[in-house]
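> I am sharing my_file30.txt, which consists of compact mmCIF, C-alpha atoms:
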# COMPACT_ATOMS: atom_id res chain seq x y z
CA MET U 1 169.61 199.24 -39.56
CA MET U 2 169.57 195.46 -39.44
CA GLN U 3 166.09 194.12 -39.97
CA ALA U 4 164.56 191.53 -37.68
CA GLY U 5 164.91 188.05 -39.07
CA SER U 6 164.09 184.57 -37.87
CA GLY U 7 164.43 183.60 -34.23
CA THR U 8 167.49 181.47 -35.02
CA ALA U 9 169.17 184.29 -36.92
CA ARG U 10 168.48 186.63 -34.04
CA THR U 11 169.98 184.20 -31.54
CA VAL U 12 173.12 183.63 -33.63
CA GLY U 13 173.56 187.37 -34.22
CA GLY U 14 172.86 188.09 -30.57
CA ASN U 15 175.47 185.60 -29.39
CA ARG U 16 178.12 187.18 -31.63
CA VAL U 17 177.23 190.68 -30.45
CA LEU U 18 177.18 189.52 -26.83
CA ALA U 19 180.67 188.03 -27.20
CA ILE U 20 182.09 191.27 -28.62
CA LEU U 21 180.39 193.44 -25.99
CA LEU U 22 181.63 191.08 -23.28
CA LEU U 23 185.19 191.49 -24.56
CA ALA U 24 184.83 195.28 -24.46
CA TYR U 25 183.38 195.09 -20.94
CA ILE U 26 186.32 192.93 -19.84
CA PHE U 27 188.65 195.74 -20.90
CA ASN U 28 186.34 198.19 -19.13
CA PHE U 29 187.01 196.43 -15.83
CA VAL U 30 190.66 195.68 -16.53
CA ASP U 31 191.22 199.41 -16.90
CA ARG U 32 188.93 200.26 -13.98
CA GLN U 33 190.28 197.74 -11.46
CA ILE U 34 193.98 197.59 -12.35
CA LEU U 35 194.56 200.47 -9.94
CA SER U 36 193.57 198.19 -7.04
CA ILE U 37 196.73 196.10 -7.47
CA LEU U 38 198.97 198.91 -8.76
CA GLN U 39 198.13 201.12 -5.78
CA ILE U 40 200.82 199.33 -3.76
CA PRO U 41 203.83 200.39 -5.90
CA ILE U 42 202.12 203.73 -6.76
CA LYS U 43 201.67 204.55 -3.08
CA ALA U 44 205.30 203.69 -2.39
CA GLU U 45 206.66 205.81 -5.26
CA LEU U 46 204.38 208.84 -4.93
CA GLY U 47 204.04 208.78 -1.13
CA LEU U 48 200.24 208.73 -0.99
CA SER U 49 197.91 208.02 1.96
CA ASP U 50 195.00 205.53 1.98
CA GLY U 51 192.62 208.49 1.77
CA GLN U 52 194.33 209.86 -1.37
CA ILE U 53 194.36 206.42 -2.97
CA GLY U 54 190.66 206.11 -2.15
CA LEU U 55 189.90 209.49 -3.78
CA MET U 56 191.87 208.55 -6.89
CA GLY U 57 190.32 205.10 -7.20
CA GLY U 58 186.80 206.19 -6.31
CA LEU U 59 185.79 209.84 -6.62
CA ALA U 60 188.15 210.71 -9.50
CA PHE U 61 186.62 207.93 -11.58
CA ALA U 62 183.04 208.08 -10.35
CA LEU U 63 182.33 211.81 -10.73
CA LEU U 64 182.49 212.04 -14.52
CA TYR U 65 181.68 208.36 -15.10
CA SER U 66 178.38 208.76 -13.29
CA GLY U 67 177.59 212.33 -14.30
CA LEU U 68 178.27 211.95 -18.02
CA GLY U 69 176.49 208.61 -18.18
CA ILE U 70 173.03 210.22 -18.45
CA PRO U 71 173.70 212.63 -21.36
CA VAL U 72 175.62 209.92 -23.23
CA ALA U 73 172.76 207.46 -22.67
CA TRP U 74 170.23 210.12 -23.77
CA LEU U 75 172.23 210.31 -27.00
CA ALA U 76 172.31 206.50 -27.22
CA ASP U 77 168.50 206.38 -27.13
CA ARG U 78 168.54 208.45 -30.32
CA LYS U 79 171.73 207.64 -32.25
CA ASP U 80 173.75 204.57 -33.22
CA ARG U 81 174.74 202.84 -29.99
CA VAL U 82 177.63 200.92 -31.55
CA THR U 83 179.42 204.13 -32.51
CA ILE U 84 178.98 205.51 -29.00
CA ILE U 85 180.38 202.34 -27.39
CA SER U 86 183.35 202.30 -29.81
CA VAL U 87 184.30 205.92 -29.16
CA SER U 88 183.95 205.35 -25.42
CA LEU U 89 186.24 202.32 -25.56
CA GLY U 90 188.90 204.34 -27.38
CA VAL U 91 188.71 207.23 -24.90
CA TRP U 92 188.91 205.19 -21.69
CA SER U 93 191.73 203.04 -23.09
CA ALA U 94 193.75 206.10 -24.11
CA PHE U 95 193.43 207.66 -20.66
CA THR U 96 194.40 204.36 -19.03
CA ALA U 97 197.62 204.42 -21.06
CA LEU U 98 198.18 208.06 -20.00
CA CYS U 99 197.99 207.00 -16.32
CA GLY U 100 201.41 205.47 -16.88
CA THR U 101 202.90 208.93 -17.51
CA ALA U 102 201.65 210.55 -14.27
CA GLN U 103 204.30 212.04 -11.99
CA ASN U 104 202.18 213.02 -8.99
CA PHE U 105 198.80 212.60 -7.31
CA TRP U 106 196.96 215.27 -9.30
CA GLN U 107 198.19 214.07 -12.69
CA LEU U 108 197.06 210.55 -11.90
CA PHE U 109 193.79 211.89 -10.46
CA LEU U 110 193.05 213.73 -13.75
CA CYS U 111 193.94 210.70 -15.86
CA ARG U 112 191.55 208.57 -13.81
CA MET U 113 188.88 211.18 -14.41
CA GLY U 114 189.55 210.72 -18.13
CA VAL U 115 189.03 206.97 -17.76
CA GLY U 116 185.68 207.77 -16.15
CA VAL U 117 184.75 210.06 -19.06
CA GLY U 118 185.30 207.23 -21.55
CA GLU U 119 183.61 204.52 -19.53
CA ALA U 120 180.51 206.72 -19.12
CA GLY U 121 179.42 205.59 -22.59
CA GLY U 122 180.34 201.94 -22.35
CA VAL U 123 177.71 200.29 -20.14
CA ALA U 124 174.20 201.79 -20.37
CA PRO U 125 174.16 201.73 -24.22
CA ALA U 126 175.38 198.11 -24.10
CA TYR U 127 172.56 197.17 -21.68
CA ALA U 128 170.00 198.64 -24.08
CA LEU U 129 171.65 197.03 -27.12
CA ILE U 130 171.62 193.57 -25.53
CA SER U 131 167.96 194.01 -24.60
CA ASP U 132 167.22 194.48 -28.30
CA TYR U 133 169.08 191.30 -29.26
CA PHE U 134 167.45 188.97 -26.71
CA PRO U 135 163.77 188.37 -25.83
CA PRO U 136 162.52 189.06 -22.27
CA GLU U 137 162.69 185.42 -21.14
CA LYS U 138 166.43 185.28 -21.99
CA ARG U 139 167.36 188.82 -21.05
CA ALA U 140 168.62 188.30 -17.48
CA ARG U 141 170.97 185.53 -18.61
CA ALA U 142 172.23 187.60 -21.55
CA LEU U 143 172.87 190.58 -19.27
CA ALA U 144 174.50 188.24 -16.74
CA ILE U 145 176.85 186.92 -19.44
CA PHE U 146 177.72 190.51 -20.34
CA SER U 147 178.27 191.20 -16.64
CA LEU U 148 180.85 188.40 -16.53
CA GLY U 149 183.12 191.16 -17.78
CA ILE U 150 183.24 192.37 -14.18
CA PRO U 151 184.88 189.30 -12.57
CA ILE U 152 186.89 188.39 -15.68
CA GLY U 153 188.13 191.94 -16.19
CA SER U 154 188.84 192.39 -12.48
CA ALA U 155 190.78 189.13 -12.39
CA LEU U 156 192.79 189.90 -15.53
CA GLY U 157 193.50 193.42 -14.30
CA VAL U 158 194.91 192.03 -11.08
CA PHE U 159 196.77 189.14 -12.76
CA PHE U 160 198.44 191.21 -15.47
CA GLY U 161 198.75 194.35 -13.37
CA GLY U 162 200.57 192.47 -10.62
CA TRP U 163 202.77 190.56 -13.06
CA LEU U 164 203.70 193.60 -15.14
CA ALA U 165 204.36 195.74 -12.07
CA SER U 166 206.58 193.04 -10.57
CA ASN U 167 208.51 192.29 -13.77
CA ILE U 168 208.61 195.74 -15.41
CA ASP U 169 206.91 198.61 -13.52
CA TRP U 170 203.46 200.01 -12.77
CA ARG U 171 203.71 202.62 -15.51
CA SER U 172 204.19 200.00 -18.21
CA ALA U 173 201.20 198.06 -16.85
CA PHE U 174 198.91 201.05 -17.46
CA MET U 175 200.32 201.67 -20.92
CA ILE U 176 200.12 198.07 -22.12
CA VAL U 177 196.51 197.43 -21.09
CA GLY U 178 195.44 200.84 -22.40
CA LEU U 179 196.93 200.27 -25.84
CA ALA U 180 195.39 196.77 -25.96
CA GLY U 181 191.95 198.33 -25.45
CA ILE U 182 192.49 200.78 -28.30
CA ALA U 183 193.27 197.84 -30.59
CA LEU U 184 189.80 196.41 -29.83
CA VAL U 185 187.90 199.44 -31.20
CA PRO U 186 187.76 198.24 -34.86
CA LEU U 187 186.26 194.89 -33.80
CA VAL U 188 183.38 196.64 -32.02
CA LEU U 189 182.77 199.03 -34.92
CA LEU U 190 182.82 196.36 -37.63
CA GLY U 191 181.39 193.40 -35.71
CA ILE U 192 178.14 194.89 -34.38
CA ARG U 193 175.14 196.62 -35.92
CA ASP U 194 172.46 198.48 -34.04
CA PRO U 195 169.25 196.42 -34.60
CA GLY U 196 166.74 199.13 -33.72
CA ARG U 197 164.83 199.52 -30.49
CA GLY U 198 162.12 197.34 -28.98
CA ARG U 199 161.85 194.60 -31.61
CA PHE U 200 161.25 191.93 -28.95
CA ASP U 201 158.86 194.10 -26.96
CA SER U 202 156.42 195.31 -29.60
CA GLY U 203 155.72 192.43 -31.90
CA GLY U 204 159.03 192.66 -33.72
CA LYS U 205 158.67 196.33 -34.64
CA ALA U 206 161.30 198.87 -33.79
CA GLY U 207 160.62 201.01 -30.75
CA GLY U 208 159.17 204.48 -31.02
CA GLU U 209 161.03 207.76 -31.07
CA ALA U 210 163.03 208.40 -27.92
CA PRO U 211 161.19 210.80 -25.59
CA PRO U 212 162.79 213.93 -24.06
CA PHE U 213 164.89 213.40 -20.95
CA ALA U 214 162.27 215.14 -18.79
CA THR U 215 159.75 212.49 -19.82
CA VAL U 216 162.13 209.69 -18.87
CA ALA U 217 162.86 211.42 -15.56
CA ARG U 218 159.16 211.72 -14.76
CA THR U 219 158.59 208.08 -15.72
CA VAL U 220 161.25 206.64 -13.41
CA ALA U 221 160.52 209.16 -10.65
CA ARG U 222 156.96 207.81 -10.39
CA LYS U 223 158.21 204.23 -9.95
CA PRO U 224 159.27 203.50 -6.34
CA SER U 225 160.86 200.23 -7.43
CA PHE U 226 163.38 202.17 -9.57
CA TRP U 227 164.63 204.03 -6.50
CA LEU U 228 164.68 200.91 -4.35
CA LEU U 229 166.60 198.96 -7.02
CA SER U 230 169.03 201.84 -7.54
CA PHE U 231 169.81 202.54 -3.88
CA GLY U 232 169.84 198.82 -3.12
CA ALA U 233 172.48 198.39 -5.81
CA ALA U 234 174.38 201.43 -4.52
CA CYS U 235 174.55 200.09 -0.96
CA GLY U 236 175.71 196.71 -2.25
CA SER U 237 178.30 198.37 -4.49
CA ILE U 238 179.71 200.41 -1.61
CA VAL U 239 180.79 197.07 -0.15
CA GLY U 240 181.57 195.37 -3.46
CA TYR U 241 183.77 198.09 -4.93
CA GLY U 242 185.24 198.94 -1.55
CA LEU U 243 186.32 195.38 -0.77
CA ALA U 244 187.56 194.77 -4.32
CA PHE U 245 189.75 197.88 -4.21
CA TRP U 246 191.17 197.40 -0.72
CA LEU U 247 191.65 193.63 -0.72
CA PRO U 248 195.24 193.79 -2.13
CA PRO U 249 196.63 196.04 0.64
CA PHE U 250 194.60 194.06 3.20
CA LEU U 251 196.36 190.88 2.07
CA THR U 252 199.72 192.59 2.44
CA ARG U 253 199.03 194.03 5.88
CA SER U 254 197.14 191.10 7.41
CA PHE U 255 198.81 188.12 5.68
CA GLY U 256 202.14 189.56 4.49
CA LEU U 257 201.64 188.60 0.81
CA ALA U 258 203.93 189.95 -1.91
CA LEU U 259 202.52 191.65 -5.02
CA VAL U 260 202.68 188.57 -7.27
CA ASP U 261 201.08 186.36 -4.59
CA ILE U 262 198.30 188.93 -4.15
CA SER U 263 197.58 188.92 -7.88
CA TRP U 264 197.10 185.15 -7.88
CA PHE U 265 195.03 185.10 -4.69
CA TYR U 266 192.78 188.02 -5.54
CA GLY U 267 192.58 187.23 -9.25
CA SER U 268 191.46 183.65 -8.65
CA VAL U 269 188.87 184.80 -6.08
CA ALA U 270 187.42 187.32 -8.54
CA LEU U 271 187.42 184.86 -11.42
CA VAL U 272 185.99 181.78 -9.69
CA GLY U 273 183.61 183.45 -7.26
CA GLY U 274 182.58 186.23 -9.60
CA MET U 275 181.80 184.08 -12.62
CA ALA U 276 179.80 181.62 -10.53
CA GLY U 277 177.79 184.35 -8.83
CA VAL U 278 177.03 186.40 -11.96
CA TRP U 279 175.97 183.39 -14.01
CA LEU U 280 173.84 181.78 -11.28
CA GLY U 281 172.22 185.13 -10.48
CA GLY U 282 171.21 185.57 -14.13
CA TRP U 283 169.95 182.00 -14.40
CA PHE U 284 167.83 182.27 -11.26
CA GLY U 285 166.69 185.72 -12.39
CA ASP U 286 165.20 184.34 -15.60
CA LYS U 287 163.62 181.41 -13.78
CA LEU U 288 162.06 183.35 -10.90
CA GLY U 289 161.42 186.53 -12.87
CA SER U 290 159.43 184.66 -15.51
CA ILE U 291 157.10 183.48 -12.73
CA LYS U 292 156.78 186.79 -10.91
CA PRO U 293 158.57 190.17 -11.26
CA SER U 294 159.36 190.11 -7.53
CA GLY U 295 161.81 187.28 -8.24
CA TYR U 296 164.32 189.73 -9.67
CA PRO U 297 164.95 191.78 -6.48
CA LEU U 298 164.47 188.82 -4.13
CA ILE U 299 167.66 187.20 -5.42
CA PRO U 300 170.01 190.02 -4.30
CA ALA U 301 168.03 190.48 -1.07
CA ILE U 302 168.82 186.90 -0.05
CA CYS U 303 172.38 186.91 -1.42
CA PHE U 304 173.44 190.13 0.34
CA LEU U 305 171.97 188.91 3.60
CA LEU U 306 174.22 185.85 3.34
CA ALA U 307 177.25 187.70 1.96
CA ALA U 308 177.82 189.86 5.06
CA PRO U 309 178.67 187.04 7.51
CA VAL U 310 180.59 185.11 4.85
CA TYR U 311 182.83 188.09 4.09
CA ALA U 312 183.28 188.73 7.82
CA ALA U 313 184.54 185.15 8.17
CA GLY U 314 187.03 185.82 5.37
CA ILE U 315 188.26 189.09 6.87
CA PHE U 316 188.97 187.42 10.22
CA ALA U 317 190.05 184.05 8.76
CA PRO U 318 192.87 182.30 10.63
CA SER U 319 194.63 181.18 7.42
CA LEU U 320 194.89 182.00 3.72
CA PRO U 321 193.05 178.87 2.48
CA VAL U 322 190.07 179.65 4.73
CA ALA U 323 190.16 183.29 3.63
CA TRP U 324 190.19 182.25 -0.06
CA VAL U 325 187.11 180.05 0.32
CA MET U 326 185.18 182.70 2.26
CA PHE U 327 186.13 185.51 -0.13
CA ALA U 328 185.23 183.38 -3.16
CA ILE U 329 181.79 182.53 -1.72
CA GLY U 330 181.30 186.15 -0.65
CA THR U 331 182.23 187.38 -4.13
CA ALA U 332 179.71 185.00 -5.71
CA LEU U 333 176.94 186.18 -3.38
CA GLY U 334 177.94 189.82 -3.82
CA LEU U 335 177.77 189.75 -7.64
CA ALA U 336 174.63 187.64 -8.08
CA TRP U 337 172.52 190.82 -8.24
CA LEU U 338 173.81 191.98 -11.62
CA GLY U 339 171.70 189.97 -14.09
CA PRO U 340 168.38 190.15 -12.21
CA VAL U 341 168.56 193.81 -11.23
CA VAL U 342 169.81 195.15 -14.56
CA ALA U 343 167.10 193.12 -16.31
CA ALA U 344 164.47 194.51 -13.92
CA VAL U 345 165.50 198.09 -14.76
CA GLN U 346 165.05 197.28 -18.46
CA HIS U 347 161.56 195.96 -17.77
CA ILE U 348 160.13 198.91 -15.82
CA VAL U 349 160.47 201.41 -18.70
CA PRO U 350 159.51 201.36 -22.42
CA PRO U 351 162.23 200.23 -24.89
CA ALA U 352 162.96 203.77 -26.12
CA MET U 353 163.88 204.83 -22.56
CA ARG U 354 166.16 201.95 -21.64
CA ALA U 355 169.60 203.49 -22.13
CA THR U 356 168.67 206.68 -20.28
CA ALA U 357 166.93 204.77 -17.47
CA SER U 358 169.95 202.46 -17.18
CA ALA U 359 172.29 205.45 -17.00
CA SER U 360 170.13 207.00 -14.25
CA PHE U 361 170.36 203.71 -12.35
CA LEU U 362 174.13 203.61 -12.90
CA LEU U 363 174.49 207.23 -11.77
CA ILE U 364 173.11 206.35 -8.35
CA ASN U 365 174.84 202.98 -8.15
CA ASN U 366 178.30 204.12 -9.21
CA LEU U 367 178.45 207.58 -7.68
CA LEU U 368 177.76 206.04 -4.26
CA GLY U 369 179.30 202.63 -4.87
CA ILE U 370 182.57 203.70 -6.46
CA GLY U 371 182.84 207.30 -5.31
CA PHE U 372 181.80 206.76 -1.69
CA GLY U 373 182.57 203.07 -1.13
CA ILE U 374 186.24 203.11 -2.11
CA TYR U 375 186.94 206.42 -0.39
CA VAL U 376 185.11 205.72 2.87
CA LEU U 377 186.99 202.47 3.55
CA GLY U 378 190.31 204.24 3.00
CA PHE U 379 189.17 207.19 5.15
CA MET U 380 188.10 204.91 8.01
CA SER U 381 191.35 202.99 7.73
CA ASP U 382 193.37 206.18 8.13
CA ARG U 383 191.27 207.24 11.14
CA MET U 384 191.55 203.86 12.90
CA THR U 385 195.30 203.43 12.39
CA ALA U 386 196.05 204.99 15.78
CA THR U 387 194.06 202.28 17.57
CA HIS U 388 194.41 199.28 15.24
CA GLY U 389 197.77 199.84 13.52
CA ASP U 390 198.22 197.61 10.46
CA GLU U 391 194.87 195.97 11.25
CA ALA U 392 192.95 199.24 10.71
CA LEU U 393 192.01 198.32 7.14
CA LYS U 394 190.66 194.97 8.35
CA TYR U 395 188.23 196.68 10.73
CA SER U 396 187.30 199.28 8.14
CA MET U 397 186.29 196.50 5.73
CA PHE U 398 184.36 194.70 8.48
CA TYR U 399 182.31 197.75 9.49
CA GLY U 400 181.53 198.43 5.84
CA LEU U 401 179.63 195.12 5.60
CA GLY U 402 176.67 196.82 7.28
CA PHE U 403 175.78 198.29 3.88
CA TYR U 404 174.99 194.76 2.63
CA LEU U 405 172.29 194.47 5.28
CA LEU U 406 170.83 197.83 4.25
CA SER U 407 170.89 196.73 0.61
CA ALA U 408 169.06 193.50 1.42
CA THR U 409 166.31 195.52 3.13
CA LEU U 410 165.89 197.83 0.13
CA TYR U 411 165.67 194.90 -2.29
CA ALA U 412 163.08 193.19 -0.09
CA LEU U 413 160.98 196.36 -0.28
CA ALA U 414 161.47 196.49 -4.06
CA ALA U 415 160.16 192.93 -4.36
CA ARG U 416 156.86 194.05 -2.83
CA ARG U 417 156.44 196.94 -5.26
CA ILE U 418 157.99 195.99 -8.59
CA GLY U 419 154.96 194.16 -10.02
CA ARG U 420 152.97 197.43 -10.06
CA ASP U 421 155.80 199.31 -11.79
CA TRP U 422 156.37 196.73 -14.57
CA HIS U 423 156.11 198.11 -18.13
CA ARG U 424 153.62 196.02 -20.07
CA VAL U 425 153.25 196.33 -23.83
CA GLU U 426 149.68 197.05 -24.83
CA ALA U 427 148.13 194.71 -27.37
CA ALA U 428 147.89 196.14 -30.89
When written as structure tokens, how does the structure in this file appear?

Amino acid sequence: MMQAGSGTARTVGGNRVLAILLLAYIFNFVDRQILSILQIPIKAELGLSDGQIGLMGGLAFALLYSGLGIPVAWLADRKDRVTIISVSLGVWSAFTALCGTAQNFWQLFLCRMGVGVGEAGGVAPAYALISDYFPPEKRARALAIFSLGIPIGSALGVFFGGWLASNIDWRSAFMIVGLAGIALVPLVLLGIRDPGRGRFDSGGKAGGEAPPFATVARTVARKPSFWLLSFGAACGSIVGYGLAFWLPPFLTRSFGLALVDISWFYGSVALVGGMAGVWLGGWFGDKLGSIKPSGYPLIPAICFLLAAPVYAAGIFAPSLPVAWVMFAIGTALGLAWLGPVVAAVQHIVPPAMRATASASFLLINNLLGIGFGIYVLGFMSDRMTATHGDEALKYSMFYGLGFYLLSATLYALAARRIGRDWHRVEAA
């Protein structure tokens, strides 16, 4: 284990580790979101419905990704987290490459399940690792920087997925990005060391022995703010993942864009809006959270309340330029929750419970957000086709915005409670 050194050494080492973990997280979202742009040629070749695409993009991935996250995180609270992240990166990248060999719906469904198996070990252990490289007053920004992997990875997945599918084919797109992720595994293994647990939370000493899962479960179960944060995130992610997945076919059906044009439109929205929202959310999280714990959930409460009408304006925009501006602003507001909320989850449990608590949070967030959000928009689109025709997906996306309002309510309730649930280190 790497011993704690000076504050400067910790910062330098933390920045290097953060950069490597960010790169891995970028590939996480490239592999996760590339299906959103490739669904157009896949649907044409394999003859799939919106509902089947929604199952493949949502439930196939979310079931094992969410379910396996807790046992993998339980292991990460006890074993070397770098090894777990490296193995996970190799597994999800290999299954992404295998997606390019699928010949029918079920083969692609199973390959996407394999991607979920790998990615189950990529996020919660990284959250806990970053929390042990950065002190509490810098933690929301550090986690926000890590979370930039979401907009960057989503944008690159759309950019390269659309370009490769247009110039080669969708199968090659899966294979190329999957093999690129496998090539990153040695950098993670050799470039990061696990520093021990809780060194910034207990006077520089490593955290205690990880408790049994039942103890962690009882700890979070007794904290109402954990449930409010988790279900608030889940409701927000139903909209976030749903809109991100269905935006490419929406742009085709409502604006007549070709695949390459979609990749530029959607990729630039994800990159510009997403990076701005994630970074500003983390910055405000550290500023407000250092004053009062309620600052962490108040940020997404306000942002989601604003995001709903902004996205609605984009969905019904009269022109592409107006739609781009509204979607970019909506994306920024919709991703501002990441740094503050993830940091808050780290703060309501002891250091030795962080990976498992994070995985429990991600189980709720992703099972509902990815599994339900992507599927339900496709399901509603299929059901409304008889009345709305090619505009059915537009109305499905619009009705889904109601989950942002529910999320804002849950976060407002969390802001009232979180101060009582905060984990405070007792003086020696």
> Compile the contact shell of Leu68 in chain U as an MDAnalysis selection string: residues with an atom at most 9 Å away, counting only C-alpha atoms, same-chain residues fewer than 6 positions apart removed.
chainID U and resid 116:117 120:121 359 363
> Tell me which protein, DNA and RNA residues are within 10 Å of Asp390 in chain U, counting all atoms listed in the file, leaving out same-chain ones fewer than 4 positions away, and put them as an mmCIF file with C-alpha atoms, in the frame of the given file.

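File written: selection.cif
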data_model
loop_
_atom_site.group_PDB
_atom_site.id
_atom_site.type_symbol
_atom_site.label_atom_id
_atom_site.label_comp_id
_atom_site.auth_asym_id
_atom_site.auth_seq_id
_atom_site.Cartn_x
_atom_site.Cartn_y
_atom_site.Cartn_z
ATOM 1 C CA PHE U 250 194.600 194.060 3.200
ATOM 2 C CA THR U 252 199.720 192.590 2.440
ATOM 3 C CA ARG U 253 199.030 194.030 5.880
ATOM 4 C CA SER U 254 197.140 191.100 7.410
ATOM 5 C CA SER U 381 191.350 202.990 7.730
ATOM 6 C CA MET U 384 191.550 203.860 12.900
ATOM 7 C CA THR U 385 195.300 203.430 12.390
ATOM 8 C CA ALA U 386 196.050 204.990 15.780
ATOM 9 C CA LYS U 394 190.660 194.970 8.350
#
> Excluding Val349 in chain U and its own-chain neighbours fewer than 2 positions away, which residues fall within 9 Å of it when counting all atoms listed in the file? Please give them as number ranges by chain.
U: 216, 219-220, 345-347, 351-354, 357, 421-424
> Quick one: distance from CA of Met113 in chain U to CA of Phe159 in chain U in Å, one decimal?
23.5 Å
> Restricting the calculation to all atoms listed in the file: of U:Leu413, U:Ile291, U:Ala94, U:Ala155, which residue gets closest to Met275 in chain U?
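Selected residue with least distance to Met275 in chain U: U:Ala155.
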> Within 8 Å of Gly240 in chain U, counting only C-alpha atoms, which residues show up once you throw out same-chain ones fewer than 3 positions away? Write them as a ChimeraX atom specification, please.
/U:236-237,243-244,334-335,369
> With all atoms listed in the file as the basis for distance, which of U:Ala97, U:Pro41, U:Gln52, U:Gly267 is at the shortest distance from Leu377 in chain U?
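Looking only at the distances to Leu377 in chain U, the closest residue turns out to be U:Gln52.
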> Choose the residue, out of U:Phe61, U:Ala408, U:Ile40, U:Trp74, that has the smallest atom-to-atom separation from Ala217 in chain U; count only C-alpha atoms.
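Nearest to Ala217 in chain U: U:Trp74.
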> Between U:Pro340, U:Pro151, U:Leu259, U:Arg171, which has the minimum distance to Ala328 in chain U (counting all atoms listed in the file)?
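Going through U:Pro340, U:Pro151, U:Leu259, U:Arg171 one by one, the smallest distance to Ala328 in chain U is for U:Pro151.
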> Using all atoms listed in the file, determine which residues lie at most 6 Å from range 84-90 of chain U, disregarding the query and same-chain residues fewer than 2 positions distant; provide the list as a ChimeraX atom specification.
/U:81-82,92-93,118-119,121-122,182,185
> Taking (195.5, 205.2, -20.8) in the coordinates of the supplied file, I want to know which residues reach to within 8 Å of it, counting all atoms listed in the file; could you give the answer as a ChimeraX atom specification?
/U:92-100,111,115,174-175,177-179
> Report, in Å to a single decimal, how far apart CA of Val30 in chain U and CA of Ser154 in chain U are.
5.5 Å
> Counting all atoms listed in the file, which of U:Leu22, U:Val17, U:Met56, U:Ala343 gets nearest to Leu35 in chain U?
U:Met56
> Can you tell me how far CA of Leu38 in chain U sits from CA of Pro248 in chain U, in Å to one decimal?
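CA of Pro248 in chain U lies at a distance of 9.2 Å from CA of Leu38 in chain U.
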> Enclose the full set of atoms of range 59-68 of chain U listed in the file within a box whose edges lie along x, y and z, apply 8 Å of padding to each of the six sides, and report centre and edge lengths in Å to one decimal as JSON.

{"center_x": 182.9, "center_y": 210.1, "center_z": -12.3, "size_x": 26.6, "size_y": 20.4, "size_z": 27.4}
> Find the residue from U:Ala307, U:Ala301, U:Val325, U:Ile374 that sits nearest to Trp246 in chain U; use only C-alpha atoms when measuring.
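Closest to Trp246 in chain U, using only C-alpha atoms: U:Ile374.
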> Within 10 Å of (205.1, 191.7, -10.6), in the coordinates the file gives, what residues turn up when you count all atoms listed in the file, written out as a list in words?
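Using all atoms listed in the file, the matching residues come out as Ile37, Leu38, Pro41, Phe159, Phe160, Gly161, Gly162, Trp163, Leu164, Ala165, Ser166, Asn167, Ile168, Asp169, Trp170, Ala173, Ala258, Leu259, Val260, Asp261, Ile262 and Ser263 of chain U.
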